[in-house]
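Everything below belongs to coords-v5.cif, which stores mmCIF, C-alpha atoms and all ligand atoms.
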```cif
data_upload
loop_
_atom_site.label_atom_id
_atom_site.label_comp_id
_atom_site.auth_asym_id
_atom_site.auth_seq_id
_atom_site.Cartn_x
_atom_site.Cartn_y
_atom_site.Cartn_z
CA MET A 1058 0.00 0.00 0.00
CA PRO A 1059 1.48 3.39 -0.94
CA PHE A 1060 2.04 5.76 1.97
CA GLN A 1061 -0.88 7.93 3.02
CA LEU A 1062 -0.97 10.52 5.76
CA PRO A 1063 -4.04 10.05 8.01
CA ALA A 1064 -6.60 12.78 7.26
CA GLU A 1065 -6.39 14.32 10.75
CA PHE A 1066 -2.76 15.35 10.14
CA ARG A 1067 -3.14 16.87 6.68
CA ASP A 1068 -3.60 20.46 7.91
CA GLN A 1069 -0.91 20.34 10.58
CA PRO A 1070 1.74 23.07 10.48
CA THR A 1071 4.91 21.71 8.90
CA PRO A 1072 7.56 20.44 9.28
CA PHE A 1073 6.67 17.53 11.55
CA TYR A 1074 7.48 13.88 12.04
CA TYR A 1075 4.69 11.35 11.74
CA TYR A 1076 5.04 7.83 13.20
CA ASP A 1077 2.88 4.91 12.16
CA LEU A 1078 2.72 2.87 15.39
CA ASP A 1079 0.83 0.04 13.66
CA LEU A 1080 3.78 -0.48 11.34
CA LEU A 1081 6.10 -0.33 14.35
CA ASP A 1082 4.05 -3.06 16.05
CA GLN A 1083 4.06 -5.21 12.90
CA THR A 1084 7.83 -4.78 12.63
CA LEU A 1085 8.28 -5.76 16.28
CA ALA A 1086 6.04 -8.82 15.80
CA ALA A 1087 8.12 -9.94 12.80
CA LEU A 1088 11.35 -9.28 14.71
CA THR A 1089 10.39 -11.18 17.86
CA ALA A 1090 8.98 -14.10 15.82
CA ALA A 1091 12.27 -14.36 13.90
CA ALA A 1092 14.42 -14.07 17.06
CA ARG A 1093 12.46 -16.62 19.12
CA PRO A 1094 13.54 -19.96 17.58
CA GLY A 1095 17.25 -19.19 18.11
CA ASN A 1096 16.53 -17.47 21.45
CA PHE A 1097 18.33 -14.29 20.36
CA GLN A 1098 18.23 -11.48 22.94
CA VAL A 1099 17.34 -8.30 21.07
CA HIS A 1100 18.39 -4.94 22.47
CA TYR A 1101 16.95 -1.91 20.74
CA ALA A 1102 19.58 0.76 19.99
CA LEU A 1103 18.03 3.92 21.45
CA LYS A 1104 20.33 6.12 19.40
CA ALA A 1105 18.10 5.49 16.36
CA ASN A 1106 15.02 7.04 17.99
CA SER A 1107 14.42 7.69 21.67
CA ASN A 1108 10.86 9.08 21.70
CA LEU A 1109 8.94 7.73 24.69
CA PRO A 1110 5.82 6.49 22.81
CA ILE A 1111 8.10 4.48 20.53
CA LEU A 1112 10.19 3.14 23.41
CA ALA A 1113 7.00 2.10 25.22
CA ARG A 1114 5.97 -0.14 22.28
CA ILE A 1115 9.46 -1.58 21.99
CA ASN A 1116 9.60 -2.32 25.71
CA GLN A 1117 6.15 -3.92 25.54
CA ALA A 1118 7.38 -6.22 22.79
CA GLY A 1119 9.99 -7.54 25.23
CA LEU A 1120 13.17 -6.05 23.77
CA GLY A 1121 16.06 -4.82 25.92
CA ALA A 1122 17.90 -1.52 25.43
CA ASP A 1123 21.29 -0.66 23.93
CA CYS A 1124 22.50 2.74 25.13
CA VAL A 1125 25.51 4.90 24.29
CA SER A 1126 25.21 7.73 26.81
CA GLY A 1127 24.04 8.39 30.34
CA GLY A 1128 21.09 10.22 28.84
CA GLU A 1129 20.07 7.11 26.93
CA VAL A 1130 20.48 4.88 29.99
CA ALA A 1131 18.25 7.26 31.96
CA ARG A 1132 15.72 7.39 29.10
CA ALA A 1133 15.61 3.59 28.82
CA LEU A 1134 14.92 3.26 32.55
CA GLU A 1135 12.29 6.03 32.35
CA ALA A 1136 10.59 4.15 29.50
CA GLY A 1137 10.34 1.09 31.73
CA PHE A 1138 13.15 -1.13 30.42
CA GLY A 1139 14.44 -3.30 33.27
CA ALA A 1140 18.06 -2.46 34.19
CA GLU A 1141 18.85 -6.17 33.74
CA HIS A 1142 18.10 -5.72 30.03
CA VAL A 1143 20.21 -2.57 29.49
CA VAL A 1144 23.63 -2.63 27.84
CA PHE A 1145 25.87 0.44 27.70
CA ALA A 1146 28.35 0.86 24.83
CA GLY A 1147 30.47 3.78 23.66
CA VAL A 1148 34.10 4.57 23.04
CA GLY A 1149 34.08 7.52 25.47
CA LYS A 1150 31.94 6.94 28.55
CA SER A 1151 32.33 9.69 31.17
CA ASP A 1152 32.70 8.94 34.89
CA ALA A 1153 29.25 10.43 35.57
CA GLU A 1154 27.69 8.22 32.87
CA MET A 1155 29.35 5.08 34.21
CA ASN A 1156 28.32 5.96 37.77
CA LEU A 1157 24.70 6.34 36.70
CA ALA A 1158 24.74 2.96 34.95
CA LEU A 1159 26.53 1.29 37.88
CA ALA A 1160 24.02 2.66 40.36
CA ALA A 1161 21.19 1.26 38.22
CA ASP A 1162 23.04 -2.10 38.11
CA ILE A 1163 22.64 -2.50 34.35
CA PHE A 1164 23.20 -5.87 32.70
CA CYS A 1165 26.48 -5.11 30.92
CA PHE A 1166 29.03 -2.48 29.90
CA ASN A 1167 30.54 -2.97 26.46
CA ALA A 1168 34.10 -1.84 27.18
CA GLU A 1169 36.49 -0.64 24.51
CA SER A 1170 39.90 -0.04 26.14
CA VAL A 1171 42.13 -0.73 29.15
CA PRO A 1172 41.95 2.89 30.38
CA GLU A 1173 38.16 2.66 30.35
CA LEU A 1174 38.23 -0.68 32.22
CA ARG A 1175 40.51 0.81 34.88
CA VAL A 1176 38.14 3.71 35.50
CA LEU A 1177 35.14 1.39 35.54
CA ASP A 1178 36.88 -0.87 38.08
CA GLU A 1179 37.63 2.12 40.30
CA LEU A 1180 34.08 3.51 40.10
CA ALA A 1181 32.56 0.07 40.75
CA ARG A 1182 34.79 -0.36 43.82
CA ALA A 1183 33.68 3.04 45.15
CA GLN A 1184 30.04 1.99 44.78
CA GLY A 1185 30.68 -1.43 46.31
CA ARG A 1186 29.60 -3.16 43.09
CA ARG A 1187 31.01 -5.42 40.43
CA ALA A 1188 30.51 -4.29 36.83
CA ARG A 1189 29.72 -6.95 34.25
CA VAL A 1190 31.58 -6.25 31.01
CA ALA A 1191 31.75 -7.53 27.48
CA LEU A 1192 34.90 -6.61 25.58
CA ARG A 1193 34.11 -4.84 22.33
CA VAL A 1194 36.52 -6.16 19.78
CA ASN A 1195 37.29 -4.65 16.43
CA PRO A 1196 37.14 -7.75 14.21
CA ASN A 1197 38.43 -6.02 11.06
CA VAL A 1198 35.45 -7.19 9.01
CA ASP A 1199 34.29 -4.96 6.15
CA ALA A 1200 30.57 -4.24 6.37
CA TYR A 1201 30.36 -3.00 2.76
CA THR A 1202 28.40 0.07 3.75
CA HIS A 1203 29.03 3.84 3.70
CA PRO A 1204 32.52 4.61 5.11
CA HIS A 1205 31.03 7.06 7.64
CA ILE A 1206 28.98 4.29 9.24
CA THR A 1207 31.58 1.52 9.04
CA THR A 1208 32.91 0.72 12.51
CA GLY A 1209 34.66 -2.66 12.42
CA LEU A 1210 37.80 -1.94 10.41
CA ASP A 1211 41.30 -1.39 11.81
CA ALA A 1212 41.16 2.28 10.85
CA ASN A 1213 38.04 2.90 12.98
CA LYS A 1214 38.26 4.22 16.53
CA PHE A 1215 35.92 1.56 17.91
CA GLY A 1216 36.72 -1.56 19.88
CA ILE A 1217 39.87 -3.40 20.91
CA SER A 1218 41.93 -4.48 17.94
CA LEU A 1219 42.65 -8.20 17.85
CA PRO A 1220 46.43 -7.97 18.40
CA ASP A 1221 45.74 -5.98 21.61
CA LEU A 1222 43.21 -8.42 23.04
CA ALA A 1223 45.68 -10.65 24.89
CA GLY A 1224 47.08 -7.63 26.74
CA VAL A 1225 43.61 -6.47 27.73
CA ILE A 1226 42.66 -9.90 29.05
CA ASP A 1227 45.85 -10.01 31.12
CA GLN A 1228 44.99 -6.63 32.66
CA LEU A 1229 41.59 -7.91 33.74
CA ASP A 1230 43.23 -10.06 36.43
CA GLN A 1231 44.19 -6.83 38.18
CA LEU A 1232 40.67 -5.39 38.06
CA PRO A 1233 38.67 -7.28 40.70
CA ASN A 1234 35.58 -5.09 40.37
CA VAL A 1235 34.90 -5.93 36.75
CA GLU A 1236 33.64 -9.31 35.66
CA LEU A 1237 34.20 -10.45 32.08
CA ILE A 1238 30.98 -12.03 30.82
CA GLY A 1239 31.10 -11.62 27.07
CA LEU A 1240 32.45 -10.49 23.75
CA HIS A 1241 30.91 -7.69 21.72
CA ALA A 1242 31.36 -6.52 18.13
CA HIS A 1243 29.51 -4.06 15.91
CA ILE A 1244 30.82 -3.67 12.39
CA GLY A 1245 28.60 -0.97 10.90
CA SER A 1246 25.14 0.20 10.02
CA GLN A 1247 22.75 0.02 7.03
CA ILE A 1248 24.24 -3.35 6.08
CA THR A 1249 22.43 -4.90 3.14
CA GLU A 1250 25.05 -7.48 2.14
CA LEU A 1251 24.12 -9.98 4.84
CA SER A 1252 27.04 -12.31 4.18
CA VAL A 1253 29.18 -9.92 6.25
CA PHE A 1254 27.40 -11.34 9.31
CA ALA A 1255 28.74 -14.76 8.35
CA ALA A 1256 32.24 -13.29 8.19
CA LEU A 1257 31.70 -11.69 11.60
CA SER A 1258 30.48 -15.00 13.01
CA ARG A 1259 33.58 -16.81 11.78
CA LYS A 1260 35.83 -14.21 13.42
CA LEU A 1261 33.95 -14.58 16.70
CA ASN A 1262 34.23 -18.39 16.47
CA ASP A 1263 38.01 -18.11 16.17
CA LEU A 1264 38.15 -15.63 19.03
CA GLN A 1265 36.11 -17.87 21.29
CA THR A 1266 38.42 -20.80 20.66
CA TRP A 1267 41.41 -18.56 21.34
CA LEU A 1268 39.85 -17.35 24.61
CA GLU A 1269 38.95 -20.87 25.71
CA ASP A 1270 42.55 -21.93 25.15
CA ARG A 1271 43.38 -19.25 27.72
CA GLY A 1272 40.77 -20.47 30.18
CA HIS A 1273 37.98 -17.97 29.43
CA ARG A 1274 34.57 -19.38 28.66
CA LEU A 1275 32.10 -16.55 28.13
CA PRO A 1276 28.34 -16.88 28.66
CA HIS A 1277 27.42 -13.99 26.34
CA LEU A 1278 28.13 -13.00 22.75
CA ASN A 1279 26.87 -9.67 21.40
CA VAL A 1280 27.04 -9.28 17.64
CA GLY A 1281 25.91 -5.62 17.53
CA GLY A 1282 23.39 -4.16 15.12
CA GLY A 1283 23.52 -2.96 11.56
CA LEU A 1284 20.72 -4.66 9.63
CA GLY A 1285 19.81 -2.31 6.77
CA ILE A 1286 16.45 -1.28 5.36
CA ASP A 1287 15.13 -0.50 1.86
CA TYR A 1288 15.34 3.28 1.44
CA GLU A 1289 14.56 3.06 -2.29
CA GLN A 1290 11.27 1.16 -2.01
CA PRO A 1291 9.84 1.60 1.48
CA ASP A 1292 6.33 0.54 0.42
CA GLN A 1293 7.51 -2.71 -1.17
CA HIS A 1294 9.70 -3.62 1.84
CA PRO A 1295 8.28 -1.95 4.95
CA ILE A 1296 9.62 -4.72 7.22
CA PRO A 1297 13.25 -5.90 7.02
CA ASP A 1298 14.11 -9.53 6.41
CA PHE A 1299 14.75 -10.49 10.03
CA ARG A 1300 14.62 -14.24 9.28
CA THR A 1301 17.55 -14.16 6.88
CA TYR A 1302 19.45 -11.90 9.30
CA PHE A 1303 19.10 -14.24 12.29
CA GLY A 1304 19.63 -17.20 9.95
CA MET A 1305 23.18 -15.96 9.23
CA PHE A 1306 24.09 -16.28 12.91
CA GLU A 1307 22.21 -19.55 13.38
CA GLN A 1308 24.14 -21.00 10.49
CA HIS A 1309 27.61 -19.55 11.09
CA LEU A 1310 28.04 -18.68 14.76
CA VAL A 1311 29.16 -21.64 16.88
CA ARG A 1312 27.36 -21.30 20.17
CA ARG A 1313 28.61 -22.93 23.35
CA PRO A 1314 26.00 -24.80 25.41
CA GLY A 1315 23.84 -22.33 27.32
CA GLN A 1316 25.51 -19.33 25.70
CA GLN A 1317 23.26 -16.35 24.98
CA VAL A 1318 23.54 -14.37 21.77
CA HIS A 1319 22.57 -10.69 21.84
CA VAL A 1320 21.90 -8.30 18.96
CA GLU A 1321 21.54 -4.51 19.01
CA LEU A 1322 19.21 -3.36 16.26
CA GLY A 1323 18.21 0.27 15.80
CA ARG A 1324 17.42 1.28 12.24
CA ALA A 1325 15.70 -1.97 11.24
CA VAL A 1326 13.18 -1.49 14.06
CA VAL A 1327 12.11 2.13 13.59
CA ALA A 1328 13.24 3.57 10.23
CA GLN A 1329 10.21 2.71 8.12
CA CYS A 1330 7.56 3.80 10.61
CA GLY A 1331 8.72 7.44 10.57
CA THR A 1332 8.07 10.06 7.88
CA LEU A 1333 9.12 13.70 7.75
CA LEU A 1334 6.31 15.92 6.42
CA SER A 1335 7.16 19.26 4.86
CA ARG A 1336 5.50 21.85 2.64
CA VAL A 1337 6.92 23.48 -0.44
CA LEU A 1338 7.74 27.13 0.23
CA TYR A 1339 8.79 28.04 -3.31
CA VAL A 1340 9.47 26.48 -6.67
CA LYS A 1341 12.44 28.26 -8.18
CA GLU A 1342 13.21 27.63 -11.84
CA SER A 1343 16.74 28.56 -12.77
CA GLN A 1344 18.24 28.13 -16.20
CA HIS A 1345 19.69 24.74 -15.29
CA THR A 1346 17.66 23.40 -12.43
CA ARG A 1347 14.16 23.41 -11.03
CA PHE A 1348 14.31 23.66 -7.23
CA ALA A 1349 11.54 22.70 -4.82
CA ILE A 1350 12.44 24.63 -1.66
CA LEU A 1351 10.92 23.02 1.45
CA ASP A 1352 10.24 24.25 4.96
CA ALA A 1353 12.21 21.24 6.31
CA GLY A 1354 15.94 20.98 5.95
CA MET A 1355 19.07 19.30 7.24
CA THR A 1356 18.14 20.61 10.70
CA GLU A 1357 15.23 18.12 10.71
CA LEU A 1358 16.87 15.27 8.75
CA MET A 1359 20.64 15.39 8.46
CA ARG A 1360 21.31 12.06 6.76
CA PRO A 1361 21.35 13.28 3.14
CA ALA A 1362 23.71 16.16 4.01
CA LEU A 1363 25.98 13.98 6.15
CA TYR A 1364 26.15 10.76 4.11
CA GLY A 1365 24.58 11.67 0.77
CA SER A 1366 21.93 9.14 1.71
CA HIS A 1367 18.78 8.49 -0.28
CA HIS A 1368 15.26 9.00 1.13
CA HIS A 1369 12.23 8.40 -1.07
CA ILE A 1370 10.21 11.63 -1.56
CA GLN A 1371 6.51 11.81 -2.46
CA ASN A 1372 4.22 14.72 -3.24
CA LEU A 1373 1.05 13.94 -1.28
CA SER A 1374 -0.90 16.87 -2.76
CA ARG A 1375 -0.99 15.52 -6.34
CA PRO A 1376 -2.79 12.43 -7.56
CA ALA A 1377 -0.65 9.41 -8.36
CA GLY A 1378 -0.01 9.09 -12.08
CA SER A 1379 0.27 12.85 -12.76
CA PRO A 1380 2.98 13.73 -15.31
CA GLU A 1381 6.34 14.14 -13.61
CA GLN A 1382 9.25 16.57 -13.77
CA ALA A 1383 12.71 16.57 -12.22
CA TYR A 1384 13.27 18.69 -9.11
CA ASP A 1385 16.19 19.30 -6.83
CA VAL A 1386 14.47 19.03 -3.46
CA VAL A 1387 16.23 21.34 -1.00
CA GLY A 1388 15.77 22.85 2.44
CA PRO A 1389 15.95 26.47 3.62
CA ILE A 1390 19.26 26.22 5.52
CA CYS A 1391 22.29 28.27 4.49
CA GLU A 1392 24.34 25.27 3.38
CA SER A 1393 24.61 23.78 -0.09
CA THR A 1394 24.52 20.27 1.39
CA ASP A 1395 21.01 21.07 2.63
CA THR A 1396 19.60 18.97 -0.21
CA PHE A 1397 17.20 16.04 0.16
CA GLY A 1398 17.57 14.81 -3.40
CA ARG A 1399 18.74 15.87 -6.85
CA ALA A 1400 16.74 15.45 -10.07
CA ARG A 1401 13.89 13.71 -8.26
CA LEU A 1402 10.88 12.95 -10.40
CA LEU A 1403 7.76 14.47 -8.84
CA PRO A 1404 4.36 15.46 -10.21
CA GLU A 1405 4.21 19.15 -11.11
CA THR A 1406 4.80 20.73 -7.71
CA SER A 1407 3.61 24.08 -6.37
CA ARG A 1408 3.87 26.28 -3.31
CA HIS A 1409 2.11 24.70 -0.26
CA ASP A 1410 2.20 21.14 -1.63
CA LEU A 1411 2.73 18.59 1.14
CA LEU A 1412 5.77 16.33 0.67
CA ALA A 1413 6.61 13.12 2.51
CA ILE A 1414 10.26 12.24 3.09
CA ARG A 1415 10.18 8.55 3.85
CA SER A 1416 12.11 6.09 6.02
CA ALA A 1417 13.01 8.84 8.48
CA GLY A 1418 12.15 7.06 11.75
CA ALA A 1419 15.77 6.14 12.48
CA TYR A 1420 18.55 8.73 12.85
CA GLY A 1421 16.12 11.49 11.87
CA GLU A 1422 14.70 13.32 14.88
CA VAL A 1423 17.56 12.20 17.13
CA MET A 1424 20.09 13.97 14.90
CA ALA A 1425 18.07 17.18 14.54
CA SER A 1426 19.91 20.40 15.27
CA GLY A 1427 19.01 23.97 16.13
CA TYR A 1428 21.28 25.46 13.48
CA ASN A 1429 19.99 28.79 12.14
CA LEU A 1430 17.99 28.99 15.41
CA ARG A 1431 15.36 26.67 14.03
CA GLY A 1432 12.75 25.29 16.36
CA LYS A 1433 12.25 21.57 16.86
CA ALA A 1434 9.76 19.84 14.56
CA PRO A 1435 7.10 18.07 16.65
CA ALA A 1436 6.35 14.33 16.54
CA LEU A 1437 2.81 13.05 15.90
CA TYR A 1438 1.75 9.43 16.32
CA ARG A 1439 -1.01 7.17 15.21
N1 LIG B 1501 25.35 -1.07 18.37
C1 LIG B 1501 26.35 -0.18 18.28
C2 LIG B 1501 27.54 -0.37 19.11
C3 LIG B 1501 26.26 0.90 17.38
O1 LIG B 1501 27.26 1.76 17.29
C4 LIG B 1501 25.10 1.05 16.58
C5 LIG B 1501 24.95 2.16 15.65
C6 LIG B 1501 24.06 0.11 16.73
C7 LIG B 1501 24.21 -0.94 17.63
C8 LIG B 1501 22.77 0.18 15.95
O2 LIG B 1501 23.01 0.07 14.60
P1 LIG B 1501 21.77 -0.08 13.56
O3 LIG B 1501 21.09 -1.40 13.84
O4 LIG B 1501 20.87 1.06 13.76
O5 LIG B 1501 22.44 -0.05 12.24
N2 LIG B 1501 23.61 8.02 11.96
C9 LIG B 1501 23.89 6.95 11.03
C10 LIG B 1501 23.95 5.61 11.72
C11 LIG B 1501 24.94 5.54 12.84
C12 LIG B 1501 24.94 4.23 13.54
C13 LIG B 1501 25.81 4.27 14.76
N3 LIG B 1501 25.86 3.06 15.50
C14 LIG B 1501 22.85 6.98 9.92
O6 LIG B 1501 21.98 7.84 9.94
O7 LIG B 1501 22.90 6.16 9.00
#
```

Could you quickly redo this structure as structure tokens?
Amino acid sequence: MPFQLPAEFRDQPTPFYYYDLDLLDQTLAALTAAARPGNFQVHYALKANSNLPILARINQAGLGADCVSGGEVARALEAGFGAEHVVFAGVGKSDAEMNLALAADIFCFNAESVPELRVLDELARAQGRRARVALRVNPNVDAYTHPHITTGLDANKFGISLPDLAGVIDQLDQLPNVELIGLHAHIGSQITELSVFAALSRKLNDLQTWLEDRGHRLPHLNVGGGLGIDYEQPDQHPIPDFRTYFGMFEQHLVRRPGQQVHVELGRAVVAQCGTLLSRVLYVKESQHTRFAILDAGMTELMRPALYGSHHHIQNLSRPAGSPEQAYDVVGPICESTDTFGRARLLPETSRHDLLAIRSAGAYGEVMASGYNLRGKAPALYR
């Protein structure tokens, strides 16, 4: 079914975000059904979208939370996620953030360096607690995605590189207030070539054997997030292929008896249920280009400016099948990268037409900025 904005929202002031909570529920149902046979523990990555009505649905569906800041840990707890289902990752956790997570007694810290582990040990001791940690390794596996959202290569700042792992493990003996319970890896985002998860699994298999040879048997493996979505055809593929995704790990990851496997999905859960709605302010025809200038810009949705990423754009004010023309669809911000799409085919478009910028539920609102002293676009739900 092509996207339609419910009638009650058609006269709303723009720009605004609209979330289809039915689609979110259907996505969650597909996700939990696909995760159940292999007993995968799914943690939702709050960084993709942290709006409370969305978190409430995700919590209801039984997912845990993956957080990367103290603010996200606090938000997850506020939304009702049990602390025993919260993991906390991040290459630069501050003392205050770690203290907050320690006090809440979260399930696990995904730790990325010896200096971080030392601070965590010290803070845990001061609180009279023991912090459970998974070591985030950098497996040097190419995710075949945009370089700005690739995280598992040697050149990236994330994780402990494999040659350094032995040294880190040795240090753990001197840190009595941290308990090693798992391994963690996250190789990138918007991954559509799913065979990379097989490559990741093989690396983790080797690492587990290596660790066991050194006397470490770990009850938890966390393979991160990264499952991509279809930005080109959101109506044809509103729900990602979770079965094939989990199938890669079922087939390639060698699990020890009783071992739990965790995943941290963000985009795949929320991207398709969110749409940015904007009206055309002006159509400007220059000698070379026809511009549709919108009242939304990179301040509302930064992804095209930051990664050159594609979002499907529809003119909701014109009947389907109208003759089309090419437009450069741009925002009002004083930056040339403030462009949602070049040479997009749209029906003949006029001032005040309502446009839908699709697949904006993940990394849309959360990355909004106040540049040019713009106000924040509201979120509406149905
Ligand atoms: N786990 C870790 C450790 C992560 O760093 C991320 C995303 C995730 C899980 C969730 O990944 P997902 O399932 O959503 O791919 N702003 C960029 C995406 C940045 C992703 C950062 N890390 C974008 O708009 O494409």

Exercise. So how many Å separate CA of Gly1185 (chain A) and CA of Ala1161 (chain A), to one decimal?
Worked result: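 We find that CA of Gly1185 (chain A) and CA of Ala1161 (chain A) lie 12.8 Å from each other.
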
For this session: Would you mind telling me which residue in A:Tyr1364, A:Tyr1384, A:Phe1066, A:Phe1306 lies nearest to ligand LIG 1501 (chain B) when using only C-alpha atoms and all ligand atoms?
Result: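 Among the listed residues, the smallest separation from ligand LIG 1501 (chain B) belongs to A:Tyr1364.
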
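Using all atoms listed in the file, the contacts of Val1148 (chain A) at a cut-off of 12 Å, with sequence neighbours closer than 4 positions omitted, comprise Cys1124, Val1125, Ser1126, Phe1166, Asn1167, Ala1168, Glu1169, Ser1170, Val1171, Pro1172, Glu1173, Leu1174, Leu1192, Arg1193, Val1194, Asn1195, Thr1208, Asn1213, Lys1214, Phe1215, Gly1216 and Ile1217 of chain A.
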
Output C-alpha atoms for every residue in that selection, as a short mmCIF file (atom, residue, chain, number, x, y, z; two decimals), in the frame of the given file.
```
data_model
loop_
_atom_site.label_atom_id
_atom_site.label_comp_id
_atom_site.auth_asym_id
_atom_site.auth_seq_id
_atom_site.Cartn_x
_atom_site.Cartn_y
_atom_site.Cartn_z
CA CYS A 1124 22.50 2.74 25.13
CA VAL A 1125 25.51 4.90 24.29
CA SER A 1126 25.21 7.73 26.81
CA PHE A 1166 29.03 -2.48 29.90
CA ASN A 1167 30.54 -2.97 26.46
CA ALA A 1168 34.10 -1.84 27.18
CA GLU A 1169 36.49 -0.64 24.51
CA SER A 1170 39.90 -0.04 26.14
CA VAL A 1171 42.13 -0.73 29.15
CA PRO A 1172 41.95 2.89 30.38
CA GLU A 1173 38.16 2.66 30.35
CA LEU A 1174 38.23 -0.68 32.22
CA LEU A 1192 34.90 -6.61 25.58
CA ARG A 1193 34.11 -4.84 22.33
CA VAL A 1194 36.52 -6.16 19.78
CA ASN A 1195 37.29 -4.65 16.43
CA THR A 1208 32.91 0.72 12.51
CA ASN A 1213 38.04 2.90 12.98
CA LYS A 1214 38.26 4.22 16.53
CA PHE A 1215 35.92 1.56 17.91
CA GLY A 1216 36.72 -1.56 19.88
CA ILE A 1217 39.87 -3.40 20.91
#
```

Problem set entry | 8 Å contact set for region 1323-1335 of chain A, only C-alpha atoms, chain neighbours under 3 positions out, as a ChimeraX atom specification | /A:1071-1078,1080-1081,1084-1085,1101-1106,1247,1282-1286,1291,1295-1297,1351-1353,1358,1411-1420

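A straight line drawn from CA of Asn1156 (chain A) to CA of Val1130 (chain A) is 11.1 Å long.
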
Exercise. So, counting only C-alpha atoms, which residue among A:Thr1249, A:Gln1231, A:Ser1366, A:Thr1301 is closest to Ala1091 (chain A)?
Worked result: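 Smallest separation from Ala1091 (chain A) among the options: A:Thr1301.
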
Region 1374-1386 of chain A rebuilt with N, CA, C and O atoms, output as a short mmCIF file (atom, residue, chain, number, x, y, z; two decimals), in the frame of the given file:
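As written to disk, part26.cif reads:
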```
data_model
loop_
_atom_site.label_atom_id
_atom_site.label_comp_id
_atom_site.auth_asym_id
_atom_site.auth_seq_id
_atom_site.Cartn_x
_atom_site.Cartn_y
_atom_site.Cartn_z
N SER A 1374 0.18 15.97 -2.34
CA SER A 1374 -0.90 16.87 -2.76
C SER A 1374 -1.35 16.62 -4.20
O SER A 1374 -2.29 17.27 -4.66
N ARG A 1375 -0.66 15.77 -4.93
CA ARG A 1375 -0.99 15.52 -6.34
C ARG A 1375 -1.39 14.06 -6.52
O ARG A 1375 -0.76 13.18 -5.91
N PRO A 1376 -2.37 13.81 -7.37
CA PRO A 1376 -2.79 12.43 -7.56
C PRO A 1376 -1.68 11.59 -8.20
O PRO A 1376 -0.90 12.09 -9.00
N ALA A 1377 -1.64 10.32 -7.78
CA ALA A 1377 -0.65 9.41 -8.36
C ALA A 1377 -0.92 9.33 -9.86
O ALA A 1377 -2.06 9.41 -10.30
N GLY A 1378 0.15 9.21 -10.64
CA GLY A 1378 -0.01 9.09 -12.08
C GLY A 1378 0.04 10.41 -12.81
O GLY A 1378 0.00 10.45 -14.05
N SER A 1379 0.14 11.55 -12.09
CA SER A 1379 0.27 12.85 -12.76
C SER A 1379 1.62 12.89 -13.50
O SER A 1379 2.57 12.26 -13.06
N PRO A 1380 1.69 13.65 -14.60
CA PRO A 1380 2.98 13.73 -15.31
C PRO A 1380 4.06 14.31 -14.40
O PRO A 1380 3.78 15.18 -13.58
N GLU A 1381 5.28 13.77 -14.55
CA GLU A 1381 6.34 14.14 -13.61
C GLU A 1381 7.42 15.02 -14.24
O GLU A 1381 7.62 14.98 -15.45
N GLN A 1382 8.10 15.75 -13.37
CA GLN A 1382 9.25 16.57 -13.77
C GLN A 1382 10.36 16.36 -12.76
O GLN A 1382 10.09 15.95 -11.63
N ALA A 1383 11.58 16.73 -13.15
CA ALA A 1383 12.71 16.57 -12.22
C ALA A 1383 12.88 17.82 -11.35
O ALA A 1383 12.85 18.95 -11.87
N TYR A 1384 13.04 17.59 -10.06
CA TYR A 1384 13.27 18.69 -9.11
C TYR A 1384 14.50 18.38 -8.26
O TYR A 1384 14.70 17.23 -7.86
N ASP A 1385 15.24 19.42 -7.93
CA ASP A 1385 16.19 19.30 -6.83
C ASP A 1385 15.41 19.71 -5.58
O ASP A 1385 14.92 20.84 -5.50
N VAL A 1386 15.28 18.77 -4.65
CA VAL A 1386 14.47 19.03 -3.46
C VAL A 1386 15.41 19.48 -2.35
O VAL A 1386 16.29 18.72 -1.93
#
```
